[in-house]
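Chemist: The following block contains the structure, expressed as structure tokens.
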Amino acid sequence: MAEAAESVVGSKARAARTVLGQLVLPGEELLLPEQEDAEGPGGAGERPLLLNPGTRSRVRVVCGPGLRRCGDRMLVTKCGRLRHKEPSGGGGGVYWVDSQQKRYVPVKGDHVIGIVTAKSGDIFKVDVGGSEPASLSYLAFEGATKRNRPNVQVGDLIYGQFVVANKDMEPEMVCIDSCGRANGMGVIGQDGLLFKVTLGLIRKLLAPDCEIIQEVGKLYPLEIVFGMNGRIWVKAKTIQQTLILANILEACEHMTTDQRKQIFSRLAES
Amino acid sequence: MKETPLSNCERRFLLRAIEEKKRLDGRQTYDYRNIKISFGTDYGCCIVELGKTRVLGQVSCELVSPKPNRATEGILFFNLELSQMAAPAFEPGRQSDLLVKLNRLLERCLRNSKCIDTESLCVVAGEKVWQIRVDLHLLNHDGNIIDAASIAAIVALCHFRRPDVSVQGDEVTLYTPEERDPVPLSIHHMPICVSFAFFQQGTYLLVDPNEREERVMDGLLVIAMNKHREICTIQSSGGIMLLKDQVLRCSKIAGVKVAEITELIQKALENDQKVRKEGGKFGFAESIAHQRITAFKMEKALIDTSDAGEKAGEIIAEAEPPSEVVCNPVLWTPGTAQVGEGTENAWGDLEDSEKEDEDQDGSDEAIILDNMKMDTGVELSDTGNQDATIVLSDSEEEEMIILEPDKSPKKIRTQTISAKQEKVPSKKPMKKRKKRAVN
Amino acid sequence: MEWATQIESQMHTETGASAEAAGSRGLGCSLRHFACEQNLLSRPDGSASFLQGDTSVLAGVYGPAEVKVSKEIFNKATLEVLLRPKIGLPGVAEKSRERLIRNTCEAVVLGALHPRTSITVVLQVISDAGSLLACCLNAACMALVDAGVPMRALFCGITCALDDDGNLVLDPTVKQEKVARAILTFALDSVEQKLLMSTTKGLYSNAEFQQCLVAAQTASQHVFRFYRESLQRRYSKS
């Protein structure tokens, strides 16, 4: 009786494997496949039949965003859907929680769209939507030297990548890759429209097999930049087309696949 | 918190779009965003949504003595609050220029236009009049605060009912809603603000600008008007030069918009009244759009508490018996005594809770420490209870502890500080132990 | 002025005994109908409006956002709670409630993950028809979840009222609060239903306190189930 109630509120640990793709709430404990057998009965719900239940191998598992490690327990800290990525080599892979938050927290390696808010000495201050502005050196552009400074004005849009991003330090951006190439990064053109969506939608759009992008691409020829910080910059031939694209992408947040397909087919006809 | 800066590219795009007569949300130049009016369960409470801009309005009343120069008139008071909820840049408790400007405009629109019959609010001339207070809270800021606020204010005033009163001789009787139906205010007309944003030095004009449009506009013209096309107030800001024709054109547009909005308001009020009369469900719970996936509702849930008493009994039985009650009252300062353990006194904290916020953990600790200190103080001084008076203040200067016996303070203080430092990491368990130690 | 007795987290570890689900109907205790809408405001990072009967509170959360230098804490996030009354300016009563809510949030928010930032919870009372503090707590929790602020656990607020005959009323209305001998509000966490905060007003015995706590723990199961179902609905399309 008590157990049934608790499984609803999620205070009893559930097996991570069984809740993949499902909603998890802060405070829930997740059991890794290796731990399931170690827990007492009822802990993991239906337990798989193991060939060698006696041995417990040590497996490397990465706790992604929304999860934290406490001893050898994995606890949820954010609300969202649990995701898992199989490891390419050995190990337990990566677990993370896919949440629909709006506020961005800088992560090393993320590509983001920032707005230059100030020039001070030889660095630019860039607003990326985090808790503090990121710094960007004027040398961190392709082909930039002490003599040849990039043409960046306050208010310009920058597409760059974080090289330093952790909770204790000021985040730092660059617009070059490790080979010193721009690789698509740098100042974004003066035209086009910038707008904000949730971080969840950006991740969805940037997923390798995202249908939305393919469908959008069929509508009009366009240039588009996605920042992991929830900002999208889009430019089509005309103002009208740009506006339509921006509104469609914004609306994707609350549409099911069927609704979206209907709208796209309607637009394609017109 | 700072506002997200507006990039050059957004600015340029917006201006170019306006030149092409296009708006971000697909509206036409003279279109308003959707207006939604919902009412609360109390009289005089409403939420007005203008697109994503949201304003909560609440009217309240009380009996006060009138202003000496206007003995027979009730008092109207308007207060718009820009809460931090609406936008990160709004700071609590600060009178920004924008806030002052909006409040002034609202007063001009609603009080100076004499839309409320203030004389009908008089109960006893020169002695008792009604003060009507209109509180407006901006909940979400997506541009055009003033239009949303003026609609919310007038809707709340129309919806409001004040308690009925009767005067017999010198006696004023106030009736509860159960005794006599509350009475509505007498409202002559409904002034509504309509905002026009101007771009490129007045070349282009937009009705009901949203937040991003407001950021790139050159000037703003606000016209308050009622449905009889009487202008109640007009204000131009931003320092643009407007031609006579432009102002006239705006006033014509305002007339049309005000007529539409007034009709909407009346419909909403009638609808609410109908539902109330029929005894149907009303209030904000009914106005949540249930088809939205972000909304969810749960019907009344029955909770089985039959075994609560039993369980409580078990818990008490299992629990350790309470420590011996201290019978001797402890005199903290003259006028403040304590019997038994007790915890933190919440009184003093309230006054300077802002300071407390930063230093809260510290103060928690300090009070418990004081308990202990008092004990040591007594032991050290050996002069009996009444001498060991401790002057406690609830403010930051808590560290300043004045023990009557002169020799002890220094020693104790160093001792407590070191105790504090080692305590910080494991606060709670320590706390418990300390308390027991006191007794 | 109410005499608020604050007992912070882990008051009685013994009371953490898992509460039973309400299977068979017992006494006439019930929670009013609940409703919650999330992400309804465009500007805050997270928002939620919570309705318990006719009591309604709107909450907006910003964070982790930039922090004023004067309020910066080097090893954790600065948590602020603002409670705005519907009529007039915030007074002593609001300040006292802000503090209770702030302490509750502080206990569950993992502030150490975002040092030198601010997490601001703004609560706006929309209508007060009883159990206001509990509703504020629930709204704050849902808004924090919506904003994606990392948390140790969820929390909920439950108000109990005891009338003169010692009968227990859960989630009381204003009328029930007025005639009550004692009103007790608890904040409970979702993992073990342990007490995070309690504030009481009026006279009650030790046994009655425990009884109210047990009842609140039982009721909290329903609230957490409601949380889960509403979040499930919200994430149903992602």
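Naming scheme: A, B, ... for chains in displayed order of the structure tokens; residues 1 onward per chain; ligands 1 onward as shown.
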Write out as a ChimeraX atom specification the residues lying within 10 Å of Val194 in chain B, counting only C-alpha atoms and excluding same-chain residues fewer than 5 positions away.
Modeler: /B:32,144,146-148,150-151,207-208,221-225,234,250-251,253-255,257-258
Chemist: Residues near range 66-68 of chain C, anyone? I mean within 6 Å using only C-alpha atoms, not counting same-chain ones fewer than 5 positions away, as a list in words.
Modeler: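 Here the qualifying residues turn out to be Ser131 and Glu132 of chain A; Thr117 and Ser118 of chain C.
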Chemist: Do you have, as JSON lines, the list of residues of chain A lying at most 9 Å from chain B, each with its nearest atom pair and that distance in Å to one decimal, counting only C-alpha atoms and ordered by chain then number?
Modeler:
```
{"residue": "A:Ile115", "atom": "CA", "partner": "B:Ser7", "partner_atom": "CA", "distance": 6.2}
{"residue": "A:Val116", "atom": "CA", "partner": "B:Ser7", "partner_atom": "CA", "distance": 8.0}
{"residue": "A:Thr117", "atom": "CA", "partner": "B:Pro5", "partner_atom": "CA", "distance": 7.2}
{"residue": "A:Asp127", "atom": "CA", "partner": "B:Thr4", "partner_atom": "CA", "distance": 7.5}
{"residue": "A:Val128", "atom": "CA", "partner": "B:Thr4", "partner_atom": "CA", "distance": 9.0}
{"residue": "A:Gly129", "atom": "CA", "partner": "B:Thr4", "partner_atom": "CA", "distance": 7.3}
{"residue": "A:Val154", "atom": "CA", "partner": "B:Asn8", "partner_atom": "CA", "distance": 8.2}
{"residue": "A:Gly155", "atom": "CA", "partner": "B:Ser7", "partner_atom": "CA", "distance": 4.5}
{"residue": "A:Asp156", "atom": "CA", "partner": "B:Asn8", "partner_atom": "CA", "distance": 5.8}
{"residue": "A:Leu157", "atom": "CA", "partner": "B:Ser7", "partner_atom": "CA", "distance": 6.7}
{"residue": "A:Ile188", "atom": "CA", "partner": "B:Cys9", "partner_atom": "CA", "distance": 8.9}
{"residue": "A:Gly189", "atom": "CA", "partner": "B:Cys9", "partner_atom": "CA", "distance": 7.8}
{"residue": "A:Gln190", "atom": "CA", "partner": "B:Cys9", "partner_atom": "CA", "distance": 5.1}
{"residue": "A:Asp191", "atom": "CA", "partner": "B:Cys9", "partner_atom": "CA", "distance": 5.5}
{"residue": "A:Gly192", "atom": "CA", "partner": "B:Phe13", "partner_atom": "CA", "distance": 6.3}
{"residue": "A:Leu193", "atom": "CA", "partner": "B:Glu10", "partner_atom": "CA", "distance": 5.6}
{"residue": "A:Leu194", "atom": "CA", "partner": "B:Glu10", "partner_atom": "CA", "distance": 6.1}
{"residue": "A:Phe195", "atom": "CA", "partner": "B:Glu10", "partner_atom": "CA", "distance": 8.6}
{"residue": "A:Ile239", "atom": "CA", "partner": "B:Ala17", "partner_atom": "CA", "distance": 6.3}
{"residue": "A:Gln240", "atom": "CA", "partner": "B:Lys22", "partner_atom": "CA", "distance": 7.4}
{"residue": "A:Leu243", "atom": "CA", "partner": "B:Leu24", "partner_atom": "CA", "distance": 6.4}
{"residue": "A:Ile244", "atom": "CA", "partner": "B:Gly26", "partner_atom": "CA", "distance": 8.5}
{"residue": "A:Ala246", "atom": "CA", "partner": "B:Leu24", "partner_atom": "CA", "distance": 8.8}
{"residue": "A:Asn247", "atom": "CA", "partner": "B:Asp25", "partner_atom": "CA", "distance": 7.6}
{"residue": "A:His254", "atom": "CA", "partner": "B:Ile293", "partner_atom": "CA", "distance": 8.4}
```
Chemist: Please extract the residues of range 11-106 of chain C with a backbone DSSP assignment of strand (DSSP E) and present them as a ChimeraX atom specification.
Modeler: /C:29-31,34-38,46-52,55-65,78-84
Chemist: I'd like to know which of B:Phe199, B:Trp130, B:Phe39, B:Phe296 is closest to chain C, using only C-alpha atoms.
Modeler: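 Between B:Phe199, B:Trp130, B:Phe39, B:Phe296, the residue approaching chain C most closely is B:Phe296.
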